[in-house]
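This is coords.pdb (PDB, C-alpha atoms, pLDDT in the B column).
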ATOM      1  CA  MET A1087     113.672 111.630 103.657  1.00 68.00           C
ATOM      2  CA  SER A1088     112.416 108.350 102.295  1.00 90.00           C
ATOM      3  CA  ASP A1089     114.491 105.608 100.702  1.00 95.00           C
ATOM      4  CA  ILE A1090     113.725 103.245  97.856  1.00 95.00           C
ATOM      5  CA  LEU A1091     115.833 100.071  97.819  1.00 96.00           C
ATOM      6  CA  ILE A1092     115.632  97.613  94.934  1.00 94.00           C
ATOM      7  CA  ARG A1093     117.849  94.627  94.081  1.00 93.00           C
ATOM      8  CA  ARG A1094     117.686  92.830  90.784  1.00 92.00           C
ATOM      9  CA  SER A1095     119.645  89.855  89.494  1.00 92.00           C
ATOM     10  CA  HIS A1096     120.767  89.868  85.863  1.00 92.00           C
ATOM     11  CA  THR A1097     122.473  87.533  83.408  1.00 92.00           C
ATOM     12  CA  MET A1098     124.412  90.169  81.497  1.00 93.00           C
ATOM     13  CA  SER A1099     128.159  90.543  81.253  1.00 93.00           C
ATOM     14  CA  ALA A1100     129.635  93.181  83.549  1.00 89.00           C
ATOM     15  CA  LYS A1101     130.284  95.417  80.529  1.00 92.00           C
ATOM     16  CA  ALA A1102     126.711  95.063  79.207  1.00 94.00           C
ATOM     17  CA  ALA A1103     125.253  95.716  82.674  1.00 94.00           C
ATOM     18  CA  ARG A1104     127.319  98.885  83.008  1.00 94.00           C
ATOM     19  CA  GLN A1105     126.173 100.019  79.547  1.00 94.00           C
ATOM     20  CA  ALA A1106     122.550  99.413  80.563  1.00 93.00           C
ATOM     21  CA  ALA A1107     123.072 101.485  83.731  1.00 93.00           C
ATOM     22  CA  GLU A1108     124.656 104.250  81.658  1.00 93.00           C
ATOM     23  CA  LYS A1109     121.657 104.201  79.300  1.00 90.00           C
ATOM     24  CA  ILE A1110     119.285 104.594  82.259  1.00 87.00           C
ATOM     25  CA  ALA A1111     121.366 107.485  83.613  1.00 90.00           C
ATOM     26  CA  ARG A1112     121.388 109.275  80.249  1.00 91.00           C
ATOM     27  CA  GLN A1113     117.603 108.933  79.980  1.00 87.00           C
ATOM     28  CA  LEU A1114     117.107 110.305  83.485  1.00 83.00           C
ATOM     29  CA  ASP A1115     119.485 113.169  82.746  1.00 87.00           C
ATOM     30  CA  GLU A1116     117.537 114.065  79.600  1.00 89.00           C
ATOM     31  CA  GLU A1117     114.096 113.766  81.214  1.00 83.00           C
ATOM     32  CA  PHE A1118     114.769 115.122  84.702  1.00 82.00           C
ATOM     33  CA  ASP A1119     118.112 116.955  84.570  1.00 88.00           C
ATOM     34  CA  LEU A1120     119.630 114.342  86.878  1.00 90.00           C
ATOM     35  CA  ALA A1121     123.405 114.764  87.231  1.00 93.00           C
ATOM     36  CA  TYR A1122     125.417 111.558  87.473  1.00 95.00           C
ATOM     37  CA  GLU A1123     128.953 110.225  87.577  1.00 96.00           C
ATOM     38  CA  TRP A1124     130.658 106.873  87.942  1.00 96.00           C
ATOM     39  CA  ASP A1125     132.748 105.931  90.977  1.00 96.00           C
ATOM     40  CA  ASP A1126     134.176 102.555  89.914  1.00 95.00           C
ATOM     41  CA  ASN A1127     131.077 100.322  89.537  1.00 95.00           C
ATOM     42  CA  VAL A1128     128.737 102.750  91.334  1.00 97.00           C
ATOM     43  CA  LEU A1129     126.661 105.259  89.404  1.00 96.00           C
ATOM     44  CA  VAL A1130     126.040 108.203  91.744  1.00 96.00           C
ATOM     45  CA  PHE A1131     123.193 110.544  90.815  1.00 95.00           C
ATOM     46  CA  LYS A1132     121.491 113.610  92.232  1.00 94.00           C
ATOM     47  CA  ARG A1133     119.288 116.585  91.647  1.00 92.00           C
ATOM     48  CA  SER A1134     117.207 118.747  93.888  1.00 92.00           C
ATOM     49  CA  GLY A1135     115.089 116.473  96.109  1.00 92.00           C
ATOM     50  CA  VAL A1136     116.628 113.188  94.868  1.00 93.00           C
ATOM     51  CA  SER A1137     119.952 111.434  95.311  1.00 95.00           C
ATOM     52  CA  GLY A1138     121.181 107.889  95.181  1.00 95.00           C
ATOM     53  CA  GLU A1139     123.416 105.290  93.699  1.00 96.00           C
ATOM     54  CA  LEU A1140     123.077 102.371  91.319  1.00 95.00           C
ATOM     55  CA  VAL A1141     125.602  99.606  91.986  1.00 97.00           C
ATOM     56  CA  VAL A1142     126.448  97.300  89.089  1.00 96.00           C
ATOM     57  CA  GLU A1143     127.801  93.931  90.164  1.00 95.00           C
ATOM     58  CA  LYS A1144     128.635  90.768  88.252  1.00 91.00           C
ATOM     59  CA  LYS A1145     125.202  89.135  88.677  1.00 92.00           C
ATOM     60  CA  GLU A1146     123.143  91.836  90.359  1.00 94.00           C
ATOM     61  CA  VAL A1147     122.282  95.507  90.291  1.00 95.00           C
ATOM     62  CA  HIS A1148     120.898  97.416  93.219  1.00 94.00           C
ATOM     63  CA  ILE A1149     119.684 100.927  93.616  1.00 95.00           C
ATOM     64  CA  ARG A1150     119.131 103.192  96.576  1.00 96.00           C
ATOM     65  CA  VAL A1151     117.162 106.357  95.961  1.00 94.00           C
ATOM     66  CA  ARG A1152     116.727 108.972  98.657  1.00 95.00           C
ATOM     67  CA  LEU A1153     113.672 111.139  98.133  1.00 94.00           C
ATOM     68  CA  GLY A1154     113.214 114.517  99.699  1.00 93.00           C
ATOM     69  CA  PHE A1155     110.031 115.444 101.513  1.00 91.00           C
ATOM     70  CA  LEU A1156     108.300 116.907  98.452  1.00 89.00           C
ATOM     71  CA  LEU A1157     108.735 113.722  96.408  1.00 90.00           C
ATOM     72  CA  PHE A1158     107.614 111.336  99.151  1.00 89.00           C
ATOM     73  CA  ALA A1159     104.014 111.543  97.930  1.00 90.00           C
ATOM     74  CA  ILE A1160     104.940 110.038  94.564  1.00 91.00           C
ATOM     75  CA  LYS A1161     107.249 107.336  95.933  1.00 93.00           C
ATOM     76  CA  PRO A1162     105.078 104.456  94.572  1.00 93.00           C
ATOM     77  CA  ARG A1163     105.174 105.942  91.067  1.00 92.00           C
ATOM     78  CA  ILE A1164     108.950 106.374  91.229  1.00 90.00           C
ATOM     79  CA  GLU A1165     109.368 102.750  92.373  1.00 92.00           C
ATOM     80  CA  GLU A1166     107.170 101.608  89.495  1.00 92.00           C
ATOM     81  CA  GLU A1167     109.327 103.536  87.023  1.00 89.00           C
ATOM     82  CA  ILE A1168     112.531 102.053  88.442  1.00 90.00           C
ATOM     83  CA  HIS A1169     111.126  98.542  88.006  1.00 91.00           C
ATOM     84  CA  ARG A1170     110.113  99.409  84.431  1.00 91.00           C
ATOM     85  CA  PHE A1171     113.604 100.768  83.649  1.00 88.00           C
ATOM     86  CA  PHE A1172     115.168  97.638  85.143  1.00 91.00           C
ATOM     87  CA  ASP A1173     112.829  95.364  83.145  1.00 91.00           C
ATOM     88  CA  GLU A1174     113.657  97.193  79.919  1.00 90.00           C
ATOM     89  CA  ASN A1175     117.410  97.402  80.483  1.00 89.00           C
ATOM     90  CA  PHE A1176     118.354  94.369  82.606  1.00 90.00           C
ATOM     91  CA  GLY A1177     115.591  91.921  81.685  1.00 84.00           C
ATOM     92  CA  PRO A1178     112.553  90.695  83.604  1.00 80.00           C
ATOM     93  CA  ASP A1179     112.721  90.398  87.352  1.00 70.00           C
ATOM     94  CA  SER A1180     114.071  86.964  88.217  1.00 57.00           C
ATOM     95  CA  GLY A1181     115.486  87.673  91.647  1.00 51.00           C
ATOM     96  CA  PRO A1182     114.455  89.103  94.991  1.00 49.00           C
ATOM     97  CA  THR A1183     113.376  92.703  95.260  1.00 45.00           C
ATOM     98  CA  VAL A1184     113.887  94.653  98.458  1.00 46.00           C
TER
END
Please express what this file holds, its structure, as structure tokens.
Amino acid sequence: MSDILIRRSHTMSAKAARQAAEKIARQLDEEFDLAYEWDDNVLVFKRSGVSGELVVEKKEVHIRVRLGFLLFAIKPRIEEEIHRFFDENFGPDSGPTV
């Protein structure tokens, strides 16, 4: 397995940040049949070959994605898409990325 870890600061209210995370989850569900559910402020998602969580905090969001062996080859593309989703939904990157 291979992990993707990304942190992003944001200037949104907690409610707006959660709505943005929900929007991302709905899009991923529609495009990739990714099941998700909320556990307090953590959006937990999974499907065959992929699992992870998106944590929504007051001034930051962070995501951990665990890729199965078959998706490891496209890890850079997946990371690029996560950054694009974050840019579109949380604003441009203004904080550290891990």
Next on the checklist: Excluding range 1123-1131 of chain A and its own-chain neighbours fewer than 5 positions away, which residues fall within 7 Å of it when counting all atoms listed in the file? Please give them as a ChimeraX atom specification.
Outcome noted: /A:1137-1142
Item to check | Hits from the PyMOL selection byres ((chain A and resi 1119) around 12), listed as a PyMOL selection string | outcome: chain A and resi 1111-1118+1120-1122+1131-1136
Dump as a CSV table (one decimal), keeping the file's coordinate frame, selection limited to C-alpha atoms:
chain,number,residue,atom,x,y,z
A,1111,ALA,CA,121.4,107.5,83.6
A,1112,ARG,CA,121.4,109.3,80.2
A,1113,GLN,CA,117.6,108.9,80.0
A,1114,LEU,CA,117.1,110.3,83.5
A,1115,ASP,CA,119.5,113.2,82.7
A,1116,GLU,CA,117.5,114.1,79.6
A,1117,GLU,CA,114.1,113.8,81.2
A,1118,PHE,CA,114.8,115.1,84.7
A,1120,LEU,CA,119.6,114.3,86.9
A,1121,ALA,CA,123.4,114.8,87.2
A,1122,TYR,CA,125.4,111.6,87.5
A,1131,PHE,CA,123.2,110.5,90.8
A,1132,LYS,CA,121.5,113.6,92.2
A,1133,ARG,CA,119.3,116.6,91.6
A,1134,SER,CA,117.2,118.7,93.9
A,1135,GLY,CA,115.1,116.5,96.1
A,1136,VAL,CA,116.6,113.2,94.9
Checklist entry - What do you get, as a ChimeraX atom specification, if you spell out every residue that the PyMOL selection byres ((chain A and resi 1094-1102) around 12) selects here? => result /A:1091-1093,1103-1109,1127,1140-1150,1168-1184
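Atom pair CA of Val1151 in chain A / CA of Ile1090 in chain A has a distance of 5.0 Å (rounded to one decimal).
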Checklist entry - Expanded to explicit residues, what is the PyMOL selection byres ((chain A and resi 1155) around 9) for this file, as a PyMOL selection string? => result chain A and resi 1087-1088+1135+1153-1154+1156-1159
